[in-house]
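Listing of structure-v1.cif, mmCIF, C-alpha atoms and all ligand atoms
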```cif
data_data
#
loop_
_atom_site.label_atom_id
_atom_site.label_comp_id
_atom_site.auth_asym_id
_atom_site.auth_seq_id
_atom_site.Cartn_x
_atom_site.Cartn_y
_atom_site.Cartn_z
CA MET A 3 152.92 35.67 -84.76
CA LEU A 4 154.91 32.97 -86.55
CA ASN A 5 152.45 30.80 -88.38
CA LYS A 6 154.91 27.96 -88.99
CA LYS A 7 154.86 24.51 -87.46
CA SER A 8 157.47 24.14 -84.74
CA VAL A 9 159.07 21.27 -82.84
CA ASP A 10 156.14 21.52 -80.42
CA ASP A 11 153.73 20.47 -83.17
CA ILE A 12 155.32 17.13 -84.09
CA ASN A 13 155.96 13.72 -82.55
CA VAL A 14 159.50 12.56 -83.31
CA LYS A 15 159.59 9.35 -81.24
CA GLY A 16 161.72 6.85 -83.17
CA GLN A 17 161.98 9.21 -86.14
CA ARG A 18 165.15 10.32 -87.87
CA VAL A 19 165.20 14.12 -87.42
CA LEU A 20 167.58 16.21 -89.51
CA VAL A 21 168.21 19.51 -87.71
CA ARG A 22 169.81 22.42 -89.56
CA CYS A 23 171.66 24.38 -86.88
CA ASP A 24 173.83 27.46 -87.09
CA PHE A 25 177.16 26.16 -85.79
CA ASN A 26 179.10 28.80 -87.73
CA VAL A 27 181.29 29.64 -84.73
CA PRO A 28 184.62 31.49 -84.73
CA LEU A 29 187.61 29.14 -84.43
CA LYS A 30 191.20 29.90 -83.50
CA ASP A 31 193.77 27.11 -83.78
CA GLY A 32 190.96 24.54 -83.74
CA LYS A 33 189.41 26.01 -80.56
CA ILE A 34 185.96 27.61 -80.46
CA THR A 35 186.39 31.21 -79.28
CA ASP A 36 182.68 32.11 -78.93
CA GLU A 37 180.18 29.33 -78.27
CA ASN A 38 177.02 31.46 -78.11
CA ARG A 39 175.60 29.81 -81.21
CA LEU A 40 176.12 26.31 -79.75
CA VAL A 41 174.42 27.27 -76.52
CA ALA A 42 171.57 28.89 -78.44
CA ALA A 43 170.96 25.61 -80.32
CA LEU A 44 170.65 23.46 -77.17
CA PRO A 45 166.93 23.90 -76.31
CA THR A 46 165.78 22.41 -79.63
CA ILE A 47 168.32 19.57 -79.53
CA LYS A 48 167.43 18.70 -75.93
CA LYS A 49 163.71 18.70 -76.72
CA LEU A 50 164.21 16.29 -79.64
CA ILE A 51 166.41 13.99 -77.51
CA ALA A 52 163.84 14.00 -74.72
CA ASP A 53 161.08 13.11 -77.19
CA GLY A 54 163.04 10.07 -78.39
CA GLY A 55 164.08 11.32 -81.82
CA LYS A 56 167.22 10.20 -83.64
CA VAL A 57 168.86 13.59 -83.90
CA ILE A 58 171.03 14.27 -86.95
CA LEU A 59 172.61 17.72 -86.79
CA CYS A 60 174.02 19.63 -89.73
CA SER A 61 175.47 23.09 -90.30
CA HIS A 62 177.91 25.06 -92.38
CA LEU A 63 181.09 26.56 -90.91
CA GLY A 64 182.91 29.41 -92.64
CA LYS A 65 183.37 29.43 -96.38
CA PRO A 66 185.14 26.29 -97.61
CA LYS A 67 183.70 27.05 -101.06
CA GLY A 68 182.67 23.52 -101.96
CA GLU A 69 185.89 21.76 -100.93
CA PRO A 70 186.87 19.84 -97.81
CA LYS A 71 189.04 22.23 -95.76
CA PRO A 72 190.31 20.51 -92.58
CA GLU A 73 190.51 23.84 -90.72
CA LEU A 74 186.76 24.26 -91.30
CA SER A 75 185.77 20.77 -90.15
CA LEU A 76 182.91 20.63 -87.65
CA ALA A 77 184.87 18.11 -85.54
CA PRO A 78 185.57 20.63 -82.70
CA VAL A 79 181.86 21.44 -82.57
CA ALA A 80 180.99 17.75 -82.03
CA VAL A 81 183.44 17.63 -79.11
CA ARG A 82 182.08 20.78 -77.45
CA LEU A 83 178.46 19.85 -78.08
CA SER A 84 179.03 16.47 -76.42
CA GLU A 85 180.21 18.33 -73.32
CA LEU A 86 177.35 20.82 -73.37
CA LEU A 87 174.72 18.09 -73.81
CA GLY A 88 176.34 15.60 -71.45
CA GLN A 89 176.07 12.83 -74.03
CA GLU A 90 178.04 11.72 -77.05
CA VAL A 91 177.59 13.61 -80.30
CA LYS A 92 179.04 11.21 -82.84
CA PHE A 93 180.83 13.01 -85.67
CA ALA A 94 180.22 11.56 -89.16
CA ALA A 95 183.38 12.72 -90.92
CA ASP A 96 182.48 12.36 -94.61
CA ASP A 97 184.09 14.86 -96.97
CA ASN A 98 180.98 14.56 -99.15
CA VAL A 99 178.81 15.11 -96.01
CA VAL A 100 176.30 12.35 -96.79
CA GLY A 101 178.76 9.48 -97.26
CA PRO A 102 179.36 5.98 -95.83
CA ASN A 103 180.16 7.27 -92.33
CA ALA A 104 176.98 9.32 -92.12
CA LYS A 105 174.80 6.53 -93.50
CA ALA A 106 176.28 3.90 -91.16
CA ALA A 107 176.00 6.22 -88.16
CA VAL A 108 172.34 6.98 -88.94
CA ASP A 109 171.54 3.26 -89.42
CA ALA A 110 173.05 2.48 -86.01
CA MET A 111 171.15 5.19 -84.13
CA GLN A 112 168.98 4.45 -81.12
CA ASP A 113 166.20 6.77 -80.00
CA GLY A 114 167.73 9.85 -78.31
CA ASP A 115 171.12 9.49 -80.02
CA VAL A 116 172.79 12.49 -81.62
CA ILE A 117 175.16 12.66 -84.58
CA LEU A 118 176.70 15.62 -86.41
CA LEU A 119 177.37 15.67 -90.16
CA GLN A 120 180.41 17.34 -91.74
CA ASN A 121 180.34 21.01 -92.87
CA THR A 122 177.56 21.27 -95.48
CA ARG A 123 179.60 23.80 -97.45
CA TYR A 124 182.17 21.13 -98.23
CA ARG A 125 179.68 20.40 -100.99
CA VAL A 126 179.74 22.83 -103.88
CA GLU A 127 175.97 22.40 -104.49
CA GLU A 128 175.07 23.58 -100.98
CA THR A 129 175.02 27.33 -101.69
CA LYS A 130 173.44 26.76 -105.12
CA ASN A 131 170.49 24.87 -103.58
CA GLY A 132 171.32 21.90 -105.87
CA GLU A 133 168.87 19.03 -106.16
CA ALA A 134 171.21 16.06 -105.69
CA PHE A 135 172.65 17.19 -102.35
CA SER A 136 169.21 18.28 -101.12
CA LYS A 137 167.91 14.77 -101.87
CA GLU A 138 170.91 13.11 -100.19
CA LEU A 139 170.31 15.11 -97.03
CA ALA A 140 166.60 14.30 -97.16
CA SER A 141 167.36 10.58 -97.57
CA LEU A 142 168.79 10.54 -94.03
CA ALA A 143 165.65 11.87 -92.40
CA ASP A 144 161.93 11.47 -91.79
CA VAL A 145 161.48 14.97 -90.40
CA PHE A 146 163.36 18.24 -90.96
CA VAL A 147 163.84 20.98 -88.36
CA ASN A 148 165.32 24.33 -89.32
CA ASP A 149 166.86 26.13 -86.35
CA ALA A 150 169.49 28.11 -88.27
CA PHE A 151 168.30 31.70 -88.22
CA GLY A 152 171.76 32.94 -89.28
CA THR A 153 171.33 31.43 -92.76
CA ALA A 154 167.57 31.88 -93.08
CA HIS A 155 168.07 34.70 -95.60
CA ARG A 156 169.75 32.25 -98.02
CA ALA A 157 168.13 29.43 -100.01
CA HIS A 158 170.63 26.58 -99.68
CA CYS A 159 170.29 22.77 -99.84
CA SER A 160 170.48 22.27 -96.09
CA ASN A 161 167.79 24.78 -95.15
CA VAL A 162 165.52 25.13 -98.19
CA GLY A 163 166.24 22.47 -100.84
CA VAL A 164 165.93 19.59 -98.36
CA THR A 165 162.39 20.65 -97.39
CA GLN A 166 161.14 19.65 -100.86
CA TYR A 167 162.04 16.00 -100.23
CA VAL A 168 161.01 15.58 -96.60
CA GLU A 169 157.33 15.44 -95.79
CA THR A 170 157.46 17.35 -92.53
CA SER A 171 159.52 20.55 -92.13
CA VAL A 172 159.23 22.65 -89.01
CA VAL A 173 161.17 25.40 -87.23
CA GLY A 174 163.13 25.01 -84.01
CA TYR A 175 162.89 27.07 -80.83
CA LEU A 176 165.74 29.41 -81.74
CA MET A 177 164.25 30.23 -85.11
CA GLN A 178 160.88 30.78 -83.52
CA LYS A 179 162.33 33.07 -80.86
CA GLU A 180 164.21 35.15 -83.43
CA ILE A 181 161.15 35.61 -85.61
CA ASP A 182 158.90 36.36 -82.64
CA PHE A 183 161.22 39.03 -81.22
CA LEU A 184 162.21 40.68 -84.48
CA GLY A 185 158.75 40.25 -86.00
CA ASN A 186 156.95 41.76 -83.01
CA ALA A 187 159.41 44.62 -82.73
CA VAL A 188 159.08 45.59 -86.35
CA ASN A 189 155.46 44.78 -87.13
CA ASN A 190 153.70 45.10 -83.82
CA PRO A 191 155.94 47.14 -81.51
CA VAL A 192 154.97 48.48 -78.12
CA ARG A 193 155.51 52.22 -78.66
CA PRO A 194 157.48 54.39 -78.56
CA PHE A 195 159.68 52.29 -80.84
CA VAL A 196 163.25 53.55 -81.24
CA ALA A 197 165.52 52.06 -83.88
CA ILE A 198 169.26 52.68 -83.74
CA LEU A 199 171.43 52.13 -86.78
CA GLY A 200 175.19 52.40 -86.97
CA GLY A 201 178.06 50.66 -88.68
CA ALA A 202 180.31 51.68 -91.49
CA LYS A 203 178.36 52.43 -94.63
CA VAL A 204 174.97 53.89 -95.53
CA ALA A 205 174.93 51.72 -98.67
CA ASP A 206 174.81 48.51 -96.60
CA LYS A 207 171.61 49.55 -94.87
CA LEU A 208 169.60 51.56 -97.41
CA ASN A 209 166.50 49.37 -97.25
CA VAL A 210 166.76 49.00 -93.49
CA ILE A 211 166.75 52.76 -93.02
CA SER A 212 163.76 53.19 -95.32
CA ASN A 213 161.71 50.34 -93.84
CA LEU A 214 162.45 51.21 -90.22
CA LEU A 215 161.49 54.86 -90.80
CA GLU A 216 158.01 53.62 -91.65
CA LYS A 217 157.77 51.35 -88.62
CA CYS A 218 159.52 53.23 -85.80
CA ASP A 219 158.81 56.47 -83.97
CA THR A 220 162.43 57.58 -83.72
CA LEU A 221 165.35 56.53 -85.92
CA ILE A 222 168.80 57.16 -84.51
CA ILE A 223 171.81 57.21 -86.81
CA GLY A 224 175.41 56.80 -85.64
CA GLY A 225 178.68 55.23 -86.77
CA GLY A 226 180.35 55.84 -90.10
CA MET A 227 177.02 56.12 -91.91
CA ALA A 228 176.15 59.33 -90.01
CA TYR A 229 178.66 61.42 -91.97
CA THR A 230 176.89 60.93 -95.30
CA PHE A 231 173.74 62.26 -93.61
CA LEU A 232 175.67 65.19 -92.11
CA LYS A 233 177.15 66.01 -95.51
CA ALA A 234 173.65 65.81 -97.00
CA LYS A 235 172.66 68.50 -94.48
CA GLY A 236 175.39 70.68 -95.99
CA TYR A 237 177.93 70.24 -93.18
CA GLU A 238 181.70 69.99 -93.69
CA VAL A 239 182.63 66.45 -92.64
CA GLY A 240 186.39 66.60 -93.24
CA THR A 241 187.97 63.26 -94.10
CA SER A 242 185.19 61.20 -92.43
CA LEU A 243 183.81 58.13 -94.19
CA VAL A 244 181.30 59.44 -96.74
CA ASP A 245 179.47 57.84 -99.64
CA ASP A 246 178.97 60.68 -102.13
CA THR A 247 176.68 58.52 -104.25
CA LYS A 248 174.20 58.30 -101.36
CA ILE A 249 173.86 61.98 -100.46
CA ASP A 250 170.57 62.29 -102.35
CA TYR A 251 169.32 59.12 -100.69
CA CYS A 252 170.06 60.61 -97.25
CA LYS A 253 168.20 63.79 -98.22
CA GLU A 254 165.26 61.64 -99.32
CA MET A 255 165.26 59.83 -95.97
CA MET A 256 165.35 63.11 -94.05
CA ASP A 257 162.36 64.33 -96.12
CA LYS A 258 160.59 61.01 -95.60
CA ALA A 259 161.05 61.29 -91.82
CA GLU A 260 159.60 64.78 -91.85
CA LYS A 261 156.63 63.79 -93.98
CA LEU A 262 155.86 60.78 -91.77
CA GLY A 263 156.31 62.87 -88.63
CA LYS A 264 159.13 60.60 -87.41
CA LYS A 265 162.15 61.79 -85.46
CA LEU A 266 165.43 61.18 -87.26
CA LEU A 267 168.30 61.84 -84.86
CA LEU A 268 171.81 62.55 -86.17
CA PRO A 269 174.95 63.22 -84.12
CA ILE A 270 175.01 66.78 -82.75
CA ASP A 271 178.68 66.42 -81.87
CA THR A 272 181.38 64.04 -82.96
CA THR A 273 184.70 62.61 -81.80
CA ILE A 274 187.41 63.42 -84.32
CA ALA A 275 191.04 62.51 -84.94
CA LYS A 276 193.67 63.24 -87.57
CA ASP A 277 193.76 59.70 -88.95
CA PHE A 278 192.07 56.33 -88.71
CA PRO A 279 193.84 54.39 -85.92
CA ASN A 280 196.49 52.00 -87.21
CA PRO A 281 196.56 49.34 -85.85
CA ILE A 282 192.88 49.66 -85.05
CA ASP A 283 193.45 49.64 -81.27
CA ALA A 284 196.36 52.11 -81.37
CA LYS A 285 196.44 54.94 -78.84
CA ILE A 286 194.94 57.97 -80.56
CA GLU A 287 194.51 61.71 -79.84
CA VAL A 288 190.88 62.76 -80.10
CA THR A 289 188.73 65.86 -79.55
CA VAL A 290 185.00 66.39 -79.60
CA VAL A 291 183.49 69.10 -81.81
CA PRO A 292 179.96 70.08 -82.83
CA SER A 293 178.90 68.13 -85.92
CA ASP A 294 178.83 71.30 -88.04
CA ALA A 295 182.38 72.22 -87.05
CA ILE A 296 184.50 69.29 -88.23
CA PRO A 297 187.78 70.73 -89.61
CA ALA A 298 188.50 69.84 -93.25
CA ASP A 299 191.55 67.72 -92.32
CA MET A 300 189.91 65.73 -89.48
CA MET A 301 187.92 62.51 -89.41
CA GLY A 302 184.83 61.60 -87.35
CA LEU A 303 185.32 58.25 -85.63
CA ASP A 304 182.66 58.14 -82.88
CA ILE A 305 179.58 60.06 -81.76
CA GLY A 306 180.37 62.86 -79.29
CA THR A 307 179.49 63.08 -75.58
CA LYS A 308 176.38 65.29 -76.07
CA THR A 309 175.13 62.94 -78.78
CA ALA A 310 175.64 59.94 -76.51
CA GLU A 311 173.43 61.71 -73.90
CA LEU A 312 170.82 62.60 -76.51
CA TYR A 313 170.65 59.02 -77.76
CA ALA A 314 170.53 57.61 -74.24
CA ASP A 315 167.60 59.95 -73.46
CA ALA A 316 165.73 58.76 -76.53
CA VAL A 317 166.24 55.17 -75.39
CA LYS A 318 164.97 56.00 -71.88
CA SER A 319 161.55 57.03 -73.19
CA ALA A 320 161.22 54.01 -75.50
CA LYS A 321 159.23 50.83 -74.92
CA THR A 322 160.86 48.91 -77.80
CA VAL A 323 164.44 49.39 -79.02
CA VAL A 324 166.13 47.67 -81.96
CA TRP A 325 169.85 48.29 -82.44
CA ASN A 326 172.08 47.33 -85.34
CA GLY A 327 175.63 48.56 -85.91
CA PRO A 328 178.18 50.29 -83.65
CA MET A 329 178.23 54.06 -83.04
CA GLY A 330 181.93 54.41 -83.77
CA VAL A 331 185.16 52.50 -84.26
CA PHE A 332 184.40 50.48 -81.13
CA GLU A 333 187.37 48.15 -81.67
CA ASN A 334 189.47 51.01 -80.25
CA PRO A 335 188.80 51.70 -76.54
CA ILE A 336 189.14 55.47 -77.04
CA LEU A 337 186.54 55.35 -79.83
CA ALA A 338 184.19 52.89 -78.12
CA LYS A 339 182.62 55.44 -75.76
CA GLY A 340 179.59 56.16 -77.94
CA THR A 341 178.87 52.48 -78.47
CA ILE A 342 179.29 51.80 -74.73
CA ALA A 343 176.97 54.67 -73.79
CA VAL A 344 174.25 53.37 -76.10
CA ALA A 345 174.75 49.77 -74.91
CA LYS A 346 174.49 50.98 -71.31
CA SER A 347 171.28 52.88 -71.98
CA LEU A 348 169.77 49.73 -73.48
CA ALA A 349 170.96 47.67 -70.52
CA GLU A 350 169.30 50.07 -68.06
CA THR A 351 165.89 50.44 -69.67
CA ASP A 352 162.84 48.28 -69.00
CA ALA A 353 161.96 48.43 -72.67
CA THR A 354 162.17 45.36 -74.91
CA THR A 355 165.71 45.58 -76.30
CA ILE A 356 166.75 43.70 -79.39
CA ILE A 357 170.24 43.57 -80.82
CA GLY A 358 170.38 42.83 -84.53
CA GLY A 359 173.30 40.44 -84.66
CA GLY A 360 176.78 40.75 -86.13
CA ASP A 361 179.11 43.44 -84.80
CA SER A 362 176.53 44.96 -82.46
CA ALA A 363 175.88 41.58 -80.83
CA ALA A 364 179.63 41.02 -80.42
CA ALA A 365 180.08 44.53 -79.02
CA VAL A 366 177.25 44.14 -76.49
CA ASN A 367 178.57 40.76 -75.34
CA GLN A 368 182.19 41.94 -75.14
CA LEU A 369 181.14 44.97 -73.12
CA GLY A 370 179.37 42.68 -70.65
CA PHE A 371 175.82 43.92 -71.33
CA GLY A 372 174.60 40.75 -73.05
CA ALA A 373 172.53 39.40 -70.15
CA GLN A 374 170.61 42.68 -69.81
CA MET A 375 169.20 42.63 -73.35
CA SER A 376 165.80 41.08 -74.09
CA HIS A 377 167.11 39.41 -77.23
CA ILE A 378 170.41 39.25 -79.08
CA SER A 379 169.90 37.93 -82.57
CA THR A 380 172.23 35.14 -83.69
CA GLY A 381 172.00 36.30 -87.31
CA GLY A 382 173.60 39.47 -88.69
CA GLY A 383 172.58 39.31 -92.37
CA ALA A 384 169.33 37.50 -91.63
CA SER A 385 168.23 40.02 -89.01
CA LEU A 386 169.08 42.89 -91.35
CA GLU A 387 166.95 41.39 -94.11
CA PHE A 388 164.20 40.92 -91.58
CA LEU A 389 164.49 44.59 -90.60
CA GLU A 390 164.27 45.44 -94.30
CA GLY A 391 160.87 43.77 -94.28
CA LYS A 392 161.90 40.86 -96.54
CA ASP A 393 160.62 37.28 -96.29
CA LEU A 394 163.38 34.85 -95.32
CA PRO A 395 163.47 31.75 -97.57
CA GLY A 396 164.58 29.52 -94.68
CA VAL A 397 161.44 30.47 -92.75
CA VAL A 398 159.06 30.42 -95.69
CA ALA A 399 160.11 26.80 -96.49
CA ALA A 400 158.77 25.38 -93.21
CA ASN A 401 155.24 23.91 -93.14
CA ASP A 402 152.45 26.28 -92.18
CA ARG A 403 150.43 25.55 -89.07
P1 LIG A 501 176.16 44.54 -87.49
O1 LIG A 501 177.13 43.43 -87.71
O2 LIG A 501 175.79 44.78 -86.10
O3 LIG A 501 175.03 44.46 -88.45
P2 LIG A 501 177.70 45.73 -89.13
O4 LIG A 501 178.73 44.67 -89.06
O5 LIG A 501 176.74 45.75 -90.27
O6 LIG A 501 176.93 45.78 -87.84
P3 LIG A 501 179.41 47.37 -90.27
O7 LIG A 501 178.70 48.10 -91.34
O8 LIG A 501 180.24 46.20 -90.59
O9 LIG A 501 178.39 47.05 -89.15
O10 LIG A 501 180.23 48.38 -89.49
C1 LIG A 501 181.01 48.02 -88.39
C2 LIG A 501 182.30 48.72 -88.52
O11 LIG A 501 182.06 50.11 -88.69
C3 LIG A 501 183.16 48.58 -87.32
O12 LIG A 501 184.27 47.82 -87.66
C4 LIG A 501 183.53 50.01 -86.97
O13 LIG A 501 184.88 50.17 -86.68
C5 LIG A 501 183.19 50.77 -88.22
N1 LIG A 501 182.88 52.18 -87.96
C6 LIG A 501 182.03 52.68 -87.05
N2 LIG A 501 182.06 54.01 -87.05
C7 LIG A 501 182.96 54.38 -87.97
C8 LIG A 501 183.44 55.64 -88.42
N3 LIG A 501 182.99 56.77 -87.91
N4 LIG A 501 184.38 55.64 -89.39
C9 LIG A 501 184.82 54.49 -89.91
N5 LIG A 501 184.41 53.27 -89.54
C10 LIG A 501 183.48 53.21 -88.56
#
```

Take the structure from the file and write it as structure tokens.
Amino acid sequence: MLNKKSVDDINVKGQRVLVRCDFNVPLKDGKITDENRLVAALPTIKKLIADGGKVILCSHLGKPKGEPKPELSLAPVAVRLSELLGQEVKFAADDNVVGPNAKAAVDAMQDGDVILLQNTRYRVEETKNGEAFSKELASLADVFVNDAFGTAHRAHCSNVGVTQYVETSVVGYLMQKEIDFLGNAVNNPVRPFVAILGGAKVADKLNVISNLLEKCDTLIIGGGMAYTFLKAKGYEVGTSLVDDTKIDYCKEMMDKAEKLGKKLLLPIDTTIAKDFPNPIDAKIEVTVVPSDAIPADMMGLDIGTKTAELYADAVKSAKTVVWNGPMGVFENPILAKGTIAVAKSLAETDATTIIGGGDSAAAVNQLGFGAQMSHISTGGGASLEFLEGKDLPGVVAANDR
């Protein structure tokens, strides 16, 4: 499937191996609140340690915008990684990332040692794929491994630029797993293939909707984006989230589905309230009405109970399911029922189930269904671009087999 060289194709004994990881973890008061991305990076790191490489890890964290921001230092990640690996991960705390600390630490490395560089986005050139920083990173290493799927849709120094100055560039296990799951699902799915899209706005997922319609057998729409489709059908949608500039697009997609003989499922009923909850988890009075009977002064905030059953049934008959974006305002327990019902149907099926990162991944994990999914992508934006059918620069840059 993935025709890129991986860590299984190289011998790193005694070599300096620069590994681009995705350690962009949420932090609260200097504590990591979700360590999924660290855990997901371990197989590649352990493999390189076991093979006797000198393992130099790098990553971005948040958006320091080219300046050292102490609250976005990777120091807490080094501490937690040391615990997870059971060996020291030395932190090279240079504000310019490749500075005297990093160089000295690399020079002192023994085979199997691990160090972590400072946040790559402390450098302003990082997101511009600048030459100087790419070369500095490359100067630390003999081999480059890209295991950061979450940034694979961006061409930055630490995942793309650096590959021009290192002879060998390969992908890590996490990257390979992401591409294999998402790639197989989209390009070579076991059918029936059901794709479920939700989230706030149609505009965010225009190309995803269009591309998936071509690839899947059934496309299910929920969340805020459903109301633009319902309006395009001529329904009154009250004060629900609608993008009036995308009504024609929704009509086009409904026509496209019909022409291709694909099922496009929209909510048949919807959970409505007077106002958007404020704060978001506030107690709120809701009712469920048919989708063509939303009163003019009410707002749709979740799929309804009949829709949840309809969508769960569609999932039951599927062999491959890809899901991106919540079915409603899931941050509020009263409005999370649609999202929970869909998550549960995915958890219960034997089909290959793939969660496309971001909010949907967080929702599935929070709801306790994480372990029952075949694959939860670690990249929101990257998995969306993949579902759009785009090539990811971070993947393209690795050496071909
Ligand atoms: P993912 O991260 O899985 O790709 P996403 O982050 O792209 O999903 P968004 O487009 O950000 O999804 O939408 C998620 C947000 O949509 C949630 O915060 C949720 O509250 C909101 N949302 C869902 N349904 C509605 C609705 N009916 N009205 C308004 N907002 C909604």

Practice problem: Would you mind listing the residues within 8 Å of ligand LIG 501 (chain A), counting all atoms listed in the file, as number ranges by chain? | Solution: A: 200-203, 206-207, 224-229, 242-243, 278, 301-305, 325-334, 357-364, 382-383, 386

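Take the candidates A:Gly340, A:Ser8, A:Gly55, A:His155 and check each one against Lys179 (chain A) using all atoms listed in the file; the shortest distance goes to A:Ser8.
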
Quiz item: Smallest atom-to-atom distance to Ile356 (chain A): which of A:Asp299, A:Asp31, A:Asp182, A:Glu311, using all atoms listed in the file?
Solution: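 Among the listed residues, A:Asp182 lies closest to Ile356 (chain A).
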
Practice problem: Quick one: pull the distance between CA of Arg39 (chain A) and CA of Cys159 (chain A), Å, one decimal. | Solution: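 Between these atoms lies a distance of 20.6 Å.
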
Practice problem: Could you check which of A:Ile270, A:Glu350, A:Val116, A:Glu69 is closest to Gln89 (chain A), using all atoms listed in the file? | Solution: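 When distances to Gln89 (chain A) are compared using all atoms listed in the file, the smallest one comes from A:Val116.
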
Quiz item: With all atoms listed in the file as the basis for distance, which of A:Ile117, A:Leu176, A:Val239, A:Ala95 is at the shortest distance from Val9 (chain A)?
Solution: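 The closest residue to Val9 (chain A) is A:Leu176.
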
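Of the listed residues A:Gln374, A:Thr46, A:Ser141, A:Asn5, the one whose atoms come nearest to Leu87 (chain A) is A:Thr46, with distances taken using all atoms listed in the file.
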
Practice problem: Please provide the set of residues having any atom within 7 Å of region 244-249 of chain A, restricted to all atoms listed in the file, with same-chain residues fewer than 5 positions apart removed, written as a ChimeraX atom specification. | Solution: /A:229-231,234

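In this model, the gap between CA of Lys318 (chain A) and CA of Val366 (chain A) comes to 17.7 Å.
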
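Checking A:Ala400, A:Val81, A:Ile51, A:Leu20 one by one against Ala104 (chain A), counting only C-alpha atoms, you find the shortest gap at A:Leu20.
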
Practice problem: Would you work out the distance separating CA of Gly88 (chain A) from CA of Glu180 (chain A), expressed in Å to one decimal? | Solution: 25.9 Å

Exercise. Skip Gly263 (chain A) itself and residues of its chain fewer than 5 positions away, then list as an NGL selection string all residues within 10 Å of it, counting only C-alpha atoms.
Key: :A and (215-216 or 219-220 or 257-258)
